[in-house]
Structures are given as C-alpha cells and as structure tokens.
Amino acid sequence: MPTLLIYQGYKFFFYANDHPPMHVHVVKAGKWAKIELGSMRVVYSSFKSSEMRVVRMLLARHQNEFQEAWNDWFQR
C-alpha cells in the first residue's frame with residue numbers, strides 16, 4: 001500500500017493492486033474517502049464537510065505528484 005502523504009493525521013494512499021480510474025484513498029480517525037485524481041470527484045466519503053475541505057486542499061496541492069506516483073507504480 002504505497003503511502004503518498006501523511007498530514008495532520010490524514011493519510012493519502014492507493015493500494016498496490018488498485019484499479020483505474022486513477023484515485024486515492026484517504027483515512028483519518030476511522031473515517032475514509034475515495035477520490036478520483038483526474039476529476040477530483042469524491043466517490044465516497046465519511047468525512048465531515050470541514051474535513052473534506054482540508055482533504056480537497058491537500059489533493060489540489062499534491063495532485064500532480066500523486067498522479068506521477070500512480071503512473072510510476074502501475075507502469076513498472
């Protein structure tokens with residue numbers, strides 16, 4: 001499970017055997033979300049809206065590096 005970022009308890013990762021479309025999983029304190037990287041579409045989230053604002057801000061800030069990590073991992 002490649003970890004992409006841990007920030008203020010939010011852990012961004014994807015699974016080593018994950019599948020398209022390109023997406024990340026985010027967990028913190030028993031809550032989680034799945035978000036597509038290209039469109040930033042939230043597939044699922046149990047976070048409060050205030051927590052999702054933080055998640056979206058971090059995704060926007062790191063979107064390119066997360067996409068590069070996905071491509072590097074799955075094109076090996």
# chains A, B, ... in the order shown; residues from 1 in each chain; ligands from 1
>>> select_by_dssp(residues="region 25-55 of chain A", states="alpha helix (DSSP H)", output="VMD selection string")
chain A and resid 49 to 55
>>> residues_around(residues="Ser46 (chain A)", least_positions_apart="4", cutoff="10 Å", atoms="only C-alpha atoms", output="PyMOL selection string")
chain A and resi 27+30-34+51-52
>>> write_last_selection(atoms="all heavy atoms", output="short mmCIF file (atom, residue, chain, number, x, y, z; two decimals), in the first residue's frame")
data_model
loop_
_atom_site.label_atom_id
_atom_site.label_comp_id
_atom_site.auth_asym_id
_atom_site.auth_seq_id
_atom_site.Cartn_x
_atom_site.Cartn_y
_atom_site.Cartn_z
N VAL A 27 -7.60 8.30 4.78
CA VAL A 27 -8.13 7.85 6.07
C VAL A 27 -7.66 8.77 7.18
O VAL A 27 -6.58 9.37 7.10
CB VAL A 27 -7.71 6.39 6.41
CG1 VAL A 27 -8.31 5.41 5.43
CG2 VAL A 27 -6.21 6.25 6.48
N GLY A 30 -10.62 6.69 11.68
CA GLY A 30 -11.73 5.80 11.39
C GLY A 30 -12.64 6.26 10.26
O GLY A 30 -13.59 5.57 9.92
N LYS A 31 -12.38 7.43 9.69
CA LYS A 31 -13.15 7.92 8.55
C LYS A 31 -12.31 7.72 7.30
O LYS A 31 -11.09 7.64 7.36
CB LYS A 31 -13.49 9.39 8.72
CG LYS A 31 -14.38 9.65 9.92
CD LYS A 31 -14.64 11.11 10.06
CE LYS A 31 -15.41 11.40 11.34
NZ LYS A 31 -15.52 12.83 11.57
N TRP A 32 -13.00 7.68 6.14
CA TRP A 32 -12.24 7.48 4.91
C TRP A 32 -12.96 8.07 3.72
O TRP A 32 -14.16 8.35 3.77
CB TRP A 32 -11.88 6.03 4.70
CG TRP A 32 -13.05 5.12 4.43
CD1 TRP A 32 -13.90 4.58 5.35
CD2 TRP A 32 -13.47 4.66 3.16
NE1 TRP A 32 -14.82 3.80 4.72
CE2 TRP A 32 -14.60 3.83 3.37
CE3 TRP A 32 -13.03 4.84 1.86
CZ2 TRP A 32 -15.27 3.20 2.34
CZ3 TRP A 32 -13.70 4.21 0.83
CH2 TRP A 32 -14.80 3.41 1.07
N ALA A 33 -12.19 8.25 2.64
CA ALA A 33 -12.74 8.74 1.39
C ALA A 33 -11.98 8.10 0.24
O ALA A 33 -10.83 7.68 0.39
CB ALA A 33 -12.62 10.27 1.30
N LYS A 34 -12.66 8.06 -0.90
CA LYS A 34 -12.04 7.63 -2.16
C LYS A 34 -12.32 8.74 -3.16
O LYS A 34 -13.48 9.14 -3.34
CB LYS A 34 -12.65 6.31 -2.63
CG LYS A 34 -12.12 5.84 -3.97
CD LYS A 34 -12.79 4.52 -4.36
CE LYS A 34 -12.38 4.11 -5.76
NZ LYS A 34 -13.07 2.86 -6.16
N GLU A 51 -13.77 18.65 7.15
CA GLU A 51 -12.62 17.77 6.93
C GLU A 51 -12.37 17.59 5.43
O GLU A 51 -11.22 17.57 4.98
CB GLU A 51 -12.86 16.40 7.58
CG GLU A 51 -12.97 16.48 9.09
CD GLU A 51 -13.50 15.19 9.70
OE1 GLU A 51 -14.47 14.61 9.18
OE2 GLU A 51 -12.92 14.78 10.74
N MET A 52 -13.44 17.50 4.65
CA MET A 52 -13.29 17.36 3.20
C MET A 52 -12.66 18.59 2.58
O MET A 52 -11.93 18.49 1.59
CB MET A 52 -14.62 17.05 2.53
CG MET A 52 -15.00 15.59 2.57
SD MET A 52 -13.73 14.45 1.95
CE MET A 52 -13.61 14.94 0.24
#
>>> residues_around(residues="Lys11 (chain A)", least_positions_apart="5", cutoff="6 Å", atoms="only C-alpha atoms", output="list in words")
Leu5, Ile6, Val26 and Val27 of chain A
>>> residues_around(residues="Phe12 (chain A)", least_positions_apart="2", cutoff="12 Å", atoms="only C-alpha atoms", output="ChimeraX atom specification")
/A:1-10,14-15,23-28,32-35,37,55-56,58-59,62-63,65-66,69-70
>>> select_by_dssp(residues="chain A", states="strand (DSSP E)", output="ChimeraX atom specification")
/A:3-7,10-13,23-28,31-36,42-45
>>> atom_distance(atom1="CA of Met22 (chain A)", atom2="CA of Val54 (chain A)")
20.2 Å
>>> closest_residue(among="A:Ser39, A:Asn17, A:Ser50, A:Ser45", to="Phe74 (chain A)", atoms="only C-alpha atoms")
A:Asn17
